[in-house]
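Colleague: Sharing a structure, written as structure tokens. Questions coming.
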There are 2 protein chains.
Amino acid sequence: MQTALPELLRKAVAESVRLGDRLLVAVSGGPDSMALLHLCRGLPYQVLVGHVDHALRAGSAADARFVAEQAHRLGFKAAIQRVDVRRYARANGLGIEEAARDQRYAALSAMARRCGCRAVLTAHTADDQAETVLMNWLRGAGPAGLAGMPPARPLEGGRVLLRPLLEVQRMDLLSFLKSQKGISRLDPTNRNTRFHRNRIRRVLLPSLLQAYPGLSGRLGQAAAIFREEEGFWRETIGRKLAKTVRKNGKNQLIDLTRLFGYHKALGRRILRHVLPGLSFQELERVFALARSPDAADSLHFGGGLLVARKGDKLIIQQSQRNS
Amino acid sequence: MQTALPELLRKAVAESVRLGDRLLVAVSGGPDSMALLHLCRGLPYQVLVGHVDHALRAGSAADARFVAEQAHRLGFKAAIQRVDVRRYARANGLGIEEAARDQRYAALSAMARRCGCRAVLTAHTADDQAETVLMNWLRGAGPAGLAGMPPARPLEGGRVLLRPLLEVQRMDLLSFLKSQKGISRLDPTNRNTRFHRNRIRRVLLPSLLQAYPGLSGRLGQAAAIFREEEGFWRETIGRKLAKTVRKNGKNQLIDLTRLFGYHKALGRRILRHVLPGLSFQELERVFALARSPDAADSLHFGGGLLVARKGDKLIIQQSQRNS
């Protein structure tokens with residue numbers, strides 16, 4: 001497996017990137033991303049290192065210096081960007097983990113734009129994928145959540161985010177880093193099991209993997225099927241949307257005769273697309289309203305969202321006032 | 001919740017059964033099915049008790065007598081059927097758990113036919129559903145496995161299997177049994193954690209439920225969405241199948257021009273339908289063969305299954321010789 005890693009990376013990148021393109025490799029300084037950086041030495045592209053300083057711990061600036069030094073030692077230029085996660089979390093009502101992720105991807109995308117990089121590479125492994133799927137599953141996610149992280153997704157400006165190691169076991173990546181005599185820094189935040197993902201990574205997943213060997217590979221395979229089917233749904237919804245939903249000023253009108261002409265699963269997918277923030281139970285209430293013969297009914301949800309039925313139309317109104 | 005249980009059962013049954021129909025209640029003698037039996041006293045139908053003696057333990061005949069006595073005490077007639085699980089498992093190359101389940105449902109269906117019952121009721125709870133989904137998920141199941149048990153499914157002869165308590169927590173069912181001063185017998189097999197399901201029931205699920213309260217409800221909801229989408233896929237595959245696959249003597253021919261005209265997710269679903277026994281990797285090899293320009297290629301799988309490509313057709317041949 002170890003000797004095959006450089007070849008695996010080369011192939012995965014070549015699927016989305018042309019010769020002559022520049023790559024930005026996201027490096028936290030942890031072992032996975034340091035291994036990816038060592039692997040990138042074999043790539044026939046100009047590679048830059050991007051590091052996001054989340055500034056959540058006192059040691060974070062030292063991590064940034066470590067990454068810059070290591071990049072230099074390996075012959076890469078490095079870009080560092082500091083973000084204010086706590087402020088962003090407060091401003092958007094998000095948890096720290098979610099805010100950090102949003103900020104990280106935004107910063108990497110901006111760095112890629114500034115450096116003229118066509119792709120951003122991350123070091124996510126099959127273990128990260130299993131964690132993501134397990135975490136979503138424990139939240140009660142449906143098919144979209146179980147699709148996990150895609151190996152490639154578009155960023156703004158025609159750029160692309162690549163996760164070329166998504167089918168590689170972390171163990172193999174760490175062996176590779178060792179074989180290269182590479183060093184890394186451990187983020188102490190990763191040891192804090194108050195964070196949901198860390199609890200899954202350090203407590204639940206290891207015990208599951210011990211009891212069910214091969215689980216992470218199986219989860220990854222199932223995720224690939226879910227991703228494929230999510231693609232099918234996007235295409236199918238896209239085809240039906242224009243016929244079923246139309247804008248009327250600030251409102252959206254759903255044609256219920258058409259909606260109920262589809263299989264209920266497709267109807268639910270279309271409603272989810274139009275009303276992305278609603279829970280399963282809230283969506284069930286919308287279905288009940290849509291089926292109700294009483295034209296006067298309407299539903300109020302958080303954020304000033306109003307759903308009302310009028311004849312064979314469902315009216316979706318997003319008021320700014322109550323938001 | 002407790003006082004609402006009889007009403008919940010009445011409603012769930014009334015969706016599938018008409019007044020005047022007879023019901024067969026599957027009773028193992030354990031607490032869940034004994035609670036269901038007590039609940040059935042309030043139903044406006046003629047109710048019979050069906051018990052399957054799996055004859056896997058010395059005490060199984062005593063369980064059957066216990067169920068017959070309890071049924072009598074509560075005013076129900078009881079039918080007992082003994083099955084030979086070990087022989088069936090050997091003859092069909094199945095594990096004991098799987099063979100027991102097959103035999104149990106076959107026996108219940110046969111009893112319902114003999115007794116003129118329109119529906120078979122089982123006492124599966126939200127906890128059983130969570131177990132099933134968790135077990136399938138650990139096996140790496142895709143959407144179909146995560147759909148869990150349906151609340152209703154057809155049996156032969158226009159009969160129906162109902163699981164009216166599939167959204168009820170086991171805890172609430174046990175409280176109801178206690179409130180009725182009902183008694184039950186514990187199947188000691190359920191305590192044997194060598195069985196996969198028991199390990200999940202007694203070790204993994206309790207620890208997950210403690211760490212993630214509300215998990216079983218969330219899994220049940222996700223399962224409902226998966227079931228709905230499985231229904232969509234069955235309908236969609238049914239519509240495309242006649243155009244895409246045709247029989248040619250003992251062989252099946254798949255029209256690859258049509259197959260590749262569909263989204264890959266639908267193509268995979270159709271191939272899965274035609275080749276139900278193949279693993280994810282085996283199906284990937286079939287896809288690769290289907291895409292290959294080399295007309296001479298063919299694939300041999302276990303059980304004498306041959307898949308070959310000829311022009312724009314994929315030929316599926318099931319030979320008896322090698323099976």
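Order determines the names: the first chain of the structure tokens is A, the second B, and so forth; residues in each chain are numbered 1 upward, and ligands are numbered 1 upward as they are shown.
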Please check the contacts: residues of chain B at most 7 Å away from chain A, using only C-alpha atoms, listed as a list in words.
Modeller: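 Here is what falls inside 7 Å: Leu138, Gly140, Ala141, Gly142, Leu215, Arg218, Leu219, Ala222, Ile225, Glu228, Glu229, Phe232, His263 and Ala265 of chain B.
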Colleague: Store the residues picked out above, limited to N, CA, C and O atoms, as an mmCIF file, in the first residue's frame.
Modeller:
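Written output follows (out-v8.cif):
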data_model
loop_
_atom_site.group_PDB
_atom_site.id
_atom_site.type_symbol
_atom_site.label_atom_id
_atom_site.label_comp_id
_atom_site.auth_asym_id
_atom_site.auth_seq_id
_atom_site.Cartn_x
_atom_site.Cartn_y
_atom_site.Cartn_z
ATOM 1 N N LEU B 138 -23.759 -1.530 10.158
ATOM 2 C CA LEU B 138 -22.427 -2.064 10.469
ATOM 3 C C LEU B 138 -21.963 -3.037 9.397
ATOM 4 O O LEU B 138 -20.771 -3.259 9.211
ATOM 5 N N GLY B 140 -22.384 -2.389 6.380
ATOM 6 C CA GLY B 140 -22.108 -1.555 5.217
ATOM 7 C C GLY B 140 -23.277 -1.490 4.259
ATOM 8 O O GLY B 140 -23.095 -1.283 3.058
ATOM 9 N N ALA B 141 -24.497 -1.650 4.785
ATOM 10 C CA ALA B 141 -25.675 -1.642 3.915
ATOM 11 C C ALA B 141 -25.863 -0.287 3.268
ATOM 12 O O ALA B 141 -25.572 0.751 3.856
ATOM 13 N N GLY B 142 -26.363 -0.301 2.050
ATOM 14 C CA GLY B 142 -26.780 0.914 1.362
ATOM 15 C C GLY B 142 -28.193 1.273 1.778
ATOM 16 O O GLY B 142 -28.684 0.815 2.819
ATOM 17 N N LEU B 215 -31.568 8.653 19.866
ATOM 18 C CA LEU B 215 -31.028 8.042 18.645
ATOM 19 C C LEU B 215 -32.031 7.112 17.980
ATOM 20 O O LEU B 215 -32.194 7.148 16.754
ATOM 21 N N ARG B 218 -34.510 8.930 15.962
ATOM 22 C CA ARG B 218 -33.923 9.518 14.755
ATOM 23 C C ARG B 218 -33.661 8.450 13.697
ATOM 24 O O ARG B 218 -33.896 8.669 12.507
ATOM 25 N N LEU B 219 -33.174 7.276 14.144
ATOM 26 C CA LEU B 219 -32.923 6.194 13.188
ATOM 27 C C LEU B 219 -34.229 5.736 12.554
ATOM 28 O O LEU B 219 -34.279 5.429 11.360
ATOM 29 N N ALA B 222 -35.191 8.291 9.921
ATOM 30 C CA ALA B 222 -34.361 8.129 8.726
ATOM 31 C C ALA B 222 -34.816 6.883 7.967
ATOM 32 O O ALA B 222 -34.912 6.894 6.738
ATOM 33 N N ILE B 225 -37.726 7.551 5.774
ATOM 34 C CA ILE B 225 -37.354 8.228 4.528
ATOM 35 C C ILE B 225 -36.738 7.229 3.551
ATOM 36 O O ILE B 225 -37.065 7.206 2.370
ATOM 37 N N GLU B 228 -39.423 5.119 1.981
ATOM 38 C CA GLU B 228 -40.157 5.879 0.973
ATOM 39 C C GLU B 228 -39.351 5.925 -0.324
ATOM 40 O O GLU B 228 -39.885 5.720 -1.417
ATOM 41 N N GLU B 229 -38.031 6.172 -0.198
ATOM 42 C CA GLU B 229 -37.204 6.274 -1.408
ATOM 43 C C GLU B 229 -37.020 4.915 -2.072
ATOM 44 O O GLU B 229 -36.937 4.833 -3.296
ATOM 45 N N PHE B 232 -39.826 4.563 -4.298
ATOM 46 C CA PHE B 232 -39.589 5.337 -5.532
ATOM 47 C C PHE B 232 -38.714 4.545 -6.493
ATOM 48 O O PHE B 232 -38.981 4.465 -7.696
ATOM 49 N N HIS B 263 -28.929 7.925 -15.572
ATOM 50 C CA HIS B 263 -27.970 8.317 -14.541
ATOM 51 C C HIS B 263 -27.336 7.039 -13.977
ATOM 52 O O HIS B 263 -27.999 6.013 -13.863
ATOM 53 N N ALA B 265 -26.625 6.078 -11.105
ATOM 54 C CA ALA B 265 -27.292 5.513 -9.926
ATOM 55 C C ALA B 265 -28.460 4.616 -10.346
ATOM 56 O O ALA B 265 -28.669 3.547 -9.766
#
Colleague: Mind checking which residues fall within 10 Å of stretch 52-55 of chain B, counting only C-alpha atoms, ignoring those fewer than 4 positions away in the same chain, and posting them as a PDB file with N, CA and C atoms, in the first residue's frame?
Modeller:
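Final output, around.pdb:
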ATOM      1  N   ALA B  26     -48.488 -12.736  16.716  1.00  0.00           N
ATOM      2  CA  ALA B  26     -47.307 -13.566  16.939  1.00  0.00           C
ATOM      3  C   ALA B  26     -46.819 -13.339  18.367  1.00  0.00           C
ATOM      4  N   VAL B  27     -46.816 -14.398  19.186  1.00  0.00           N
ATOM      5  CA  VAL B  27     -46.433 -14.269  20.596  1.00  0.00           C
ATOM      6  C   VAL B  27     -45.341 -15.283  20.918  1.00  0.00           C
ATOM      7  N   SER B  28     -44.161 -14.770  21.282  1.00  0.00           N
ATOM      8  CA  SER B  28     -43.064 -15.660  21.678  1.00  0.00           C
ATOM      9  C   SER B  28     -43.192 -16.019  23.150  1.00  0.00           C
ATOM     10  N   GLY B  59     -35.958 -25.775  26.785  1.00  0.00           N
ATOM     11  CA  GLY B  59     -37.137 -25.153  27.376  1.00  0.00           C
ATOM     12  C   GLY B  59     -38.176 -24.663  26.391  1.00  0.00           C
ATOM     13  N   SER B  60     -37.984 -24.884  25.107  1.00  0.00           N
ATOM     14  CA  SER B  60     -38.853 -24.225  24.130  1.00  0.00           C
ATOM     15  C   SER B  60     -40.287 -24.757  24.178  1.00  0.00           C
ATOM     16  N   ALA B  61     -40.461 -26.051  24.510  1.00  0.00           N
ATOM     17  CA  ALA B  61     -41.820 -26.599  24.583  1.00  0.00           C
ATOM     18  C   ALA B  61     -42.573 -25.992  25.771  1.00  0.00           C
ATOM     19  N   ALA B  62     -41.824 -25.700  26.852  1.00  0.00           N
ATOM     20  CA  ALA B  62     -42.450 -25.063  28.017  1.00  0.00           C
ATOM     21  C   ALA B  62     -42.892 -23.641  27.678  1.00  0.00           C
ATOM     22  N   ASP B  63     -42.112 -22.946  26.850  1.00  0.00           N
ATOM     23  CA  ASP B  63     -42.517 -21.613  26.378  1.00  0.00           C
ATOM     24  C   ASP B  63     -43.841 -21.711  25.625  1.00  0.00           C
ATOM     25  N   ALA B  64     -43.933 -22.723  24.761  1.00  0.00           N
ATOM     26  CA  ALA B  64     -45.146 -22.900  23.963  1.00  0.00           C
ATOM     27  C   ALA B  64     -46.343 -23.122  24.889  1.00  0.00           C
ATOM     28  N   ALA B  79     -52.577 -21.116  18.384  1.00  0.00           N
ATOM     29  CA  ALA B  79     -52.036 -22.142  17.483  1.00  0.00           C
ATOM     30  C   ALA B  79     -50.532 -22.207  17.710  1.00  0.00           C
ATOM     31  N   ILE B  80     -50.012 -23.411  17.843  1.00  0.00           N
ATOM     32  CA  ILE B  80     -48.574 -23.596  18.068  1.00  0.00           C
ATOM     33  C   ILE B  80     -48.014 -24.356  16.876  1.00  0.00           C
ATOM     34  N   GLN B  81     -46.885 -23.903  16.350  1.00  0.00           N
ATOM     35  CA  GLN B  81     -46.240 -24.685  15.286  1.00  0.00           C
ATOM     36  C   GLN B  81     -44.765 -24.847  15.597  1.00  0.00           C
ATOM     37  N   ARG B  82     -44.333 -26.128  15.519  1.00  0.00           N
ATOM     38  CA  ARG B  82     -42.929 -26.424  15.791  1.00  0.00           C
ATOM     39  C   ARG B  82     -42.191 -26.481  14.461  1.00  0.00           C
ATOM     40  N   VAL B  83     -40.993 -25.874  14.391  1.00  0.00           N
ATOM     41  CA  VAL B  83     -40.220 -25.893  13.146  1.00  0.00           C
ATOM     42  C   VAL B  83     -38.831 -26.459  13.423  1.00  0.00           C
ATOM     43  N   ASP B  84     -38.196 -26.974  12.369  1.00  0.00           N
ATOM     44  CA  ASP B  84     -36.857 -27.557  12.534  1.00  0.00           C
ATOM     45  C   ASP B  84     -35.821 -26.601  11.935  1.00  0.00           C
ATOM     46  N   VAL B  85     -35.388 -25.661  12.768  1.00  0.00           N
ATOM     47  CA  VAL B  85     -34.503 -24.599  12.291  1.00  0.00           C
ATOM     48  C   VAL B  85     -33.149 -25.156  11.858  1.00  0.00           C
ATOM     49  N   ARG B  86     -32.610 -26.074  12.658  1.00  0.00           N
ATOM     50  CA  ARG B  86     -31.262 -26.570  12.340  1.00  0.00           C
ATOM     51  C   ARG B  86     -31.217 -27.259  10.982  1.00  0.00           C
ATOM     52  N   ALA B  99     -31.986 -18.524   9.557  1.00  0.00           N
ATOM     53  CA  ALA B  99     -32.889 -19.652   9.326  1.00  0.00           C
ATOM     54  C   ALA B  99     -34.106 -19.552  10.246  1.00  0.00           C
ATOM     55  N   ALA B 100     -33.878 -19.171  11.523  1.00  0.00           N
ATOM     56  CA  ALA B 100     -34.984 -19.058  12.479  1.00  0.00           C
ATOM     57  C   ALA B 100     -35.977 -18.004  12.012  1.00  0.00           C
ATOM     58  N   ARG B 101     -35.459 -16.902  11.488  1.00  0.00           N
ATOM     59  CA  ARG B 101     -36.351 -15.838  11.035  1.00  0.00           C
ATOM     60  C   ARG B 101     -37.175 -16.300   9.832  1.00  0.00           C
ATOM     61  N   GLN B 103     -37.992 -19.337   8.974  1.00  0.00           N
ATOM     62  CA  GLN B 103     -38.931 -20.367   9.397  1.00  0.00           C
ATOM     63  C   GLN B 103     -40.082 -19.762  10.197  1.00  0.00           C
ATOM     64  N   ARG B 104     -39.759 -18.767  11.013  1.00  0.00           N
ATOM     65  CA  ARG B 104     -40.778 -18.134  11.851  1.00  0.00           C
ATOM     66  C   ARG B 104     -41.832 -17.457  10.978  1.00  0.00           C
ATOM     67  N   TYR B 105     -41.369 -16.660  10.005  1.00  0.00           N
ATOM     68  CA  TYR B 105     -42.345 -15.940   9.171  1.00  0.00           C
ATOM     69  C   TYR B 105     -43.143 -16.904   8.304  1.00  0.00           C
ATOM     70  N   ALA B 106     -42.475 -17.978   7.807  1.00  0.00           N
ATOM     71  CA  ALA B 106     -43.191 -18.962   6.987  1.00  0.00           C
ATOM     72  C   ALA B 106     -44.268 -19.643   7.831  1.00  0.00           C
ATOM     73  N   ALA B 107     -43.934 -19.999   9.078  1.00  0.00           N
ATOM     74  CA  ALA B 107     -44.893 -20.683   9.947  1.00  0.00           C
ATOM     75  C   ALA B 107     -46.062 -19.760  10.294  1.00  0.00           C
ATOM     76  N   LEU B 108     -45.767 -18.495  10.578  1.00  0.00           N
ATOM     77  CA  LEU B 108     -46.838 -17.544  10.917  1.00  0.00           C
ATOM     78  C   LEU B 108     -47.772 -17.345   9.725  1.00  0.00           C
ATOM     79  N   MET B 111     -49.925 -20.439   9.443  1.00  0.00           N
ATOM     80  CA  MET B 111     -50.956 -20.445  10.492  1.00  0.00           C
ATOM     81  C   MET B 111     -52.074 -19.473  10.149  1.00  0.00           C
TER      82      MET B 111
END
Colleague: Just checking: using only C-alpha atoms, which residue out of B:Ser109, B:Thr122, B:Gln70, B:Thr244 ends up closest to B:Val25?
Modeller: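 The answer is B:Thr122, which sits nearest to B:Val25.
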Colleague: Would you kindly return, as a PyMOL selection string, each protein, DNA or RNA residue with an atom no farther than 8 Å from any atom of stretch 182-184 of chain A, considering only C-alpha atoms and excluding same-chain residues fewer than 6 positions away?
Modeller: chain A and resi 29-31+34-35+38
Colleague: Provide the atom CA of A:Gln46 to atom CA of A:Arg22 distance in Å, to one decimal place.
Modeller: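 If I compute the distance from atom CA of A:Gln46 to atom CA of A:Arg22, I get 4.9 Å.
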Colleague: For A:Arg159, find every residue with an atom within 12 Å (counting only C-alpha atoms), except residues of its own chain fewer than 5 positions away, and show them as a list in words.
Modeller: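 With the cut-off at 12 Å, the set is Ser16, Val17, Asp21, Arg22, Leu23, Leu24, Leu108, Ser109, Ala110, Met111, Ala112, Arg113, Arg114, Cys115, Gly116, Cys117, Arg118, Ala119, Val120, Leu121, Ala152, Arg153 and Pro154 of chain A.
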Colleague: Using only N, CA and C atoms, please write the residues we just selected to a file, as a compact mmCIF listing (two decimals), in the first residue's frame.
Modeller:
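Saved file result31.txt follows:
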# COMPACT_ATOMS: atom_id res chain seq x y z
N SER A 16 -8.86 15.58 -12.21
CA SER A 16 -9.52 16.88 -12.12
C SER A 16 -8.65 18.05 -12.51
N VAL A 17 -7.36 17.84 -12.72
CA VAL A 17 -6.42 18.94 -12.87
C VAL A 17 -5.56 18.68 -14.11
N ASP A 21 -1.42 23.34 -14.21
CA ASP A 21 -2.22 23.95 -13.14
C ASP A 21 -1.41 23.96 -11.85
N ARG A 22 -1.76 24.92 -10.98
CA ARG A 22 -1.14 24.96 -9.65
C ARG A 22 -2.07 24.36 -8.62
N LEU A 23 -1.48 23.76 -7.60
CA LEU A 23 -2.28 23.17 -6.52
C LEU A 23 -1.97 23.87 -5.20
N LEU A 24 -3.00 24.02 -4.37
CA LEU A 24 -2.81 24.48 -2.99
C LEU A 24 -3.09 23.29 -2.07
N LEU A 108 -9.23 28.82 2.56
CA LEU A 108 -8.48 28.03 1.57
C LEU A 108 -8.89 28.43 0.15
N SER A 109 -10.19 28.64 -0.03
CA SER A 109 -10.68 29.03 -1.34
C SER A 109 -10.12 30.40 -1.74
N ALA A 110 -10.09 31.32 -0.78
CA ALA A 110 -9.56 32.67 -1.05
C ALA A 110 -8.05 32.61 -1.34
N MET A 111 -7.32 31.79 -0.58
CA MET A 111 -5.88 31.63 -0.83
C MET A 111 -5.64 31.07 -2.22
N ALA A 112 -6.45 30.08 -2.60
CA ALA A 112 -6.29 29.46 -3.92
C ALA A 112 -6.50 30.50 -5.01
N ARG A 113 -7.51 31.36 -4.82
CA ARG A 113 -7.77 32.42 -5.79
C ARG A 113 -6.57 33.35 -5.89
N ARG A 114 -6.07 33.81 -4.74
CA ARG A 114 -4.96 34.76 -4.74
C ARG A 114 -3.69 34.17 -5.34
N CYS A 115 -3.47 32.87 -5.09
CA CYS A 115 -2.24 32.23 -5.57
C CYS A 115 -2.40 31.63 -6.97
N GLY A 116 -3.57 31.78 -7.55
CA GLY A 116 -3.78 31.23 -8.89
C GLY A 116 -3.76 29.71 -8.93
N CYS A 117 -4.28 29.10 -7.85
CA CYS A 117 -4.32 27.64 -7.81
C CYS A 117 -5.66 27.13 -8.32
N ARG A 118 -5.58 26.08 -9.12
CA ARG A 118 -6.79 25.52 -9.71
C ARG A 118 -7.51 24.58 -8.75
N ALA A 119 -6.74 23.95 -7.84
CA ALA A 119 -7.33 22.96 -6.93
C ALA A 119 -6.79 23.13 -5.53
N VAL A 120 -7.65 22.82 -4.54
CA VAL A 120 -7.23 22.74 -3.14
C VAL A 120 -7.26 21.27 -2.76
N LEU A 121 -6.14 20.78 -2.21
CA LEU A 121 -6.08 19.37 -1.80
C LEU A 121 -6.16 19.28 -0.28
N ALA A 152 -14.39 15.04 -4.69
CA ALA A 152 -14.13 16.30 -5.41
C ALA A 152 -15.39 17.13 -5.34
N ARG A 153 -15.23 18.45 -5.08
CA ARG A 153 -16.41 19.32 -5.19
C ARG A 153 -15.98 20.69 -5.68
N PRO A 154 -16.84 21.35 -6.45
CA PRO A 154 -16.47 22.64 -7.02
C PRO A 154 -16.35 23.73 -5.95
Colleague: Using DSSP secondary structure from the backbone, list all strand (DSSP E or B) positions within stretch 38-74 of chain B, as a list in words.
Modeller: Gln46, Val47, Leu48, Val49, Gly50, His51, Val52 and Asp53 of chain B
Colleague: Please return as a PyMOL selection string: the residues of stretch 62-179 of chain A that backbone DSSP assigns to alpha helix (DSSP H).
Modeller: chain A and resi 62-73+85-92+96-115+126-138+143-146+170-179
Colleague: Using C-alpha atoms, can you export the residues from the last selection as a PDB file, in the first residue's frame?
Modeller:
ATOM      1  CA  ALA A  62       3.580  28.301  16.517  1.00  0.00           C
ATOM      2  CA  ASP A  63       1.742  25.696  14.394  1.00  0.00           C
ATOM      3  CA  ALA A  64       1.647  28.200  11.547  1.00  0.00           C
ATOM      4  CA  ARG A  65       5.408  28.799  11.870  1.00  0.00           C
ATOM      5  CA  PHE A  66       6.002  25.019  11.957  1.00  0.00           C
ATOM      6  CA  VAL A  67       4.057  24.560   8.715  1.00  0.00           C
ATOM      7  CA  ALA A  68       5.883  27.452   7.024  1.00  0.00           C
ATOM      8  CA  GLU A  69       9.280  25.998   8.065  1.00  0.00           C
ATOM      9  CA  GLN A  70       8.414  22.486   6.927  1.00  0.00           C
ATOM     10  CA  ALA A  71       7.050  23.767   3.622  1.00  0.00           C
ATOM     11  CA  HIS A  72      10.292  25.697   3.078  1.00  0.00           C
ATOM     12  CA  ARG A  73      12.412  22.671   3.983  1.00  0.00           C
ATOM     13  CA  VAL A  85     -13.570  31.708  14.373  1.00  0.00           C
ATOM     14  CA  ARG A  86     -15.125  32.890  17.622  1.00  0.00           C
ATOM     15  CA  ARG A  87     -16.452  36.099  16.106  1.00  0.00           C
ATOM     16  CA  TYR A  88     -17.786  34.265  13.054  1.00  0.00           C
ATOM     17  CA  ALA A  89     -19.460  31.662  15.312  1.00  0.00           C
ATOM     18  CA  ARG A  90     -21.135  34.390  17.387  1.00  0.00           C
ATOM     19  CA  ALA A  91     -22.217  36.392  14.338  1.00  0.00           C
ATOM     20  CA  ASN A  92     -23.794  33.359  12.651  1.00  0.00           C
ATOM     21  CA  ILE A  96     -17.141  26.412  17.208  1.00  0.00           C
ATOM     22  CA  GLU A  97     -16.525  23.233  15.182  1.00  0.00           C
ATOM     23  CA  GLU A  98     -18.950  24.262  12.437  1.00  0.00           C
ATOM     24  CA  ALA A  99     -17.682  27.845  12.351  1.00  0.00           C
ATOM     25  CA  ALA A 100     -14.067  26.635  12.148  1.00  0.00           C
ATOM     26  CA  ARG A 101     -14.917  24.417   9.176  1.00  0.00           C
ATOM     27  CA  ASP A 102     -16.771  27.192   7.333  1.00  0.00           C
ATOM     28  CA  GLN A 103     -13.922  29.629   7.938  1.00  0.00           C
ATOM     29  CA  ARG A 104     -11.249  27.100   6.970  1.00  0.00           C
ATOM     30  CA  TYR A 105     -12.799  26.297   3.607  1.00  0.00           C
ATOM     31  CA  ALA A 106     -13.507  29.965   2.866  1.00  0.00           C
ATOM     32  CA  ALA A 107      -9.894  30.877   3.691  1.00  0.00           C
ATOM     33  CA  LEU A 108      -8.479  28.032   1.568  1.00  0.00           C
ATOM     34  CA  SER A 109     -10.685  29.030  -1.345  1.00  0.00           C
ATOM     35  CA  ALA A 110      -9.558  32.666  -1.049  1.00  0.00           C
ATOM     36  CA  MET A 111      -5.877  31.634  -0.829  1.00  0.00           C
ATOM     37  CA  ALA A 112      -6.287  29.455  -3.922  1.00  0.00           C
ATOM     38  CA  ARG A 113      -7.773  32.421  -5.790  1.00  0.00           C
ATOM     39  CA  ARG A 114      -4.962  34.760  -4.738  1.00  0.00           C
ATOM     40  CA  CYS A 115      -2.235  32.226  -5.573  1.00  0.00           C
ATOM     41  CA  ALA A 126     -11.049   6.812   4.890  1.00  0.00           C
ATOM     42  CA  ASP A 127     -11.039   7.184   8.693  1.00  0.00           C
ATOM     43  CA  ASP A 128     -12.214  10.801   8.435  1.00  0.00           C
ATOM     44  CA  GLN A 129     -14.927   9.657   6.042  1.00  0.00           C
ATOM     45  CA  ALA A 130     -16.063   6.963   8.489  1.00  0.00           C
ATOM     46  CA  GLU A 131     -16.135   9.574  11.285  1.00  0.00           C
ATOM     47  CA  THR A 132     -18.216  11.945   9.187  1.00  0.00           C
ATOM     48  CA  VAL A 133     -20.691   9.279   8.176  1.00  0.00           C
ATOM     49  CA  LEU A 134     -20.936   7.914  11.726  1.00  0.00           C
ATOM     50  CA  MET A 135     -21.458  11.414  13.128  1.00  0.00           C
ATOM     51  CA  ASN A 136     -24.178  12.196  10.606  1.00  0.00           C
ATOM     52  CA  TRP A 137     -25.784   8.824  11.146  1.00  0.00           C
ATOM     53  CA  LEU A 138     -25.954   9.403  14.903  1.00  0.00           C
ATOM     54  CA  PRO A 143     -29.275   9.636   2.454  1.00  0.00           C
ATOM     55  CA  ALA A 144     -27.559  13.009   1.914  1.00  0.00           C
ATOM     56  CA  GLY A 145     -25.753  12.838   5.273  1.00  0.00           C
ATOM     57  CA  LEU A 146     -24.644   9.257   4.705  1.00  0.00           C
ATOM     58  CA  ARG A 170      -4.884   6.704   8.156  1.00  0.00           C
ATOM     59  CA  MET A 171      -2.556   3.936   9.327  1.00  0.00           C
ATOM     60  CA  ASP A 172      -1.024   3.658   5.833  1.00  0.00           C
ATOM     61  CA  LEU A 173      -0.642   7.414   5.594  1.00  0.00           C
ATOM     62  CA  LEU A 174       1.182   7.541   8.939  1.00  0.00           C
ATOM     63  CA  SER A 175       3.484   4.695   7.864  1.00  0.00           C
ATOM     64  CA  PHE A 176       4.329   6.676   4.741  1.00  0.00           C
ATOM     65  CA  LEU A 177       5.160   9.783   6.801  1.00  0.00           C
ATOM     66  CA  LYS A 178       7.412   7.668   9.007  1.00  0.00           C
ATOM     67  CA  SER A 179       9.128   6.113   5.977  1.00  0.00           C
TER      68      SER A 179
END
Colleague: At what distance in Å, to one decimal, does atom CA of A:Val274 lie from atom CA of A:Leu253?
Modeller: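 Going from atom CA of A:Leu253 over to atom CA of A:Val274, I get 10.0 Å.
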Colleague: What lies within 10 Å of A:Leu74 using only C-alpha atoms, ignoring chain neighbours under 6 positions off, as a ChimeraX atom specification?
Modeller: /A:37-38,40-41
Colleague: What separation in Å, quoted to one decimal, exists between atom CA of B:Gly302 and atom CA of B:Leu275?
Modeller: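 Distance between the two atoms: 11.9 Å.
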Colleague: Identify, on the basis of only C-alpha atoms, every residue whose closest approach to A:Lys250 does not exceed 8 Å; exclude the query and any residue fewer than 3 positions from it along the same chain; express the result as a PyMOL selection string.
Modeller: chain A and resi 247+317-318
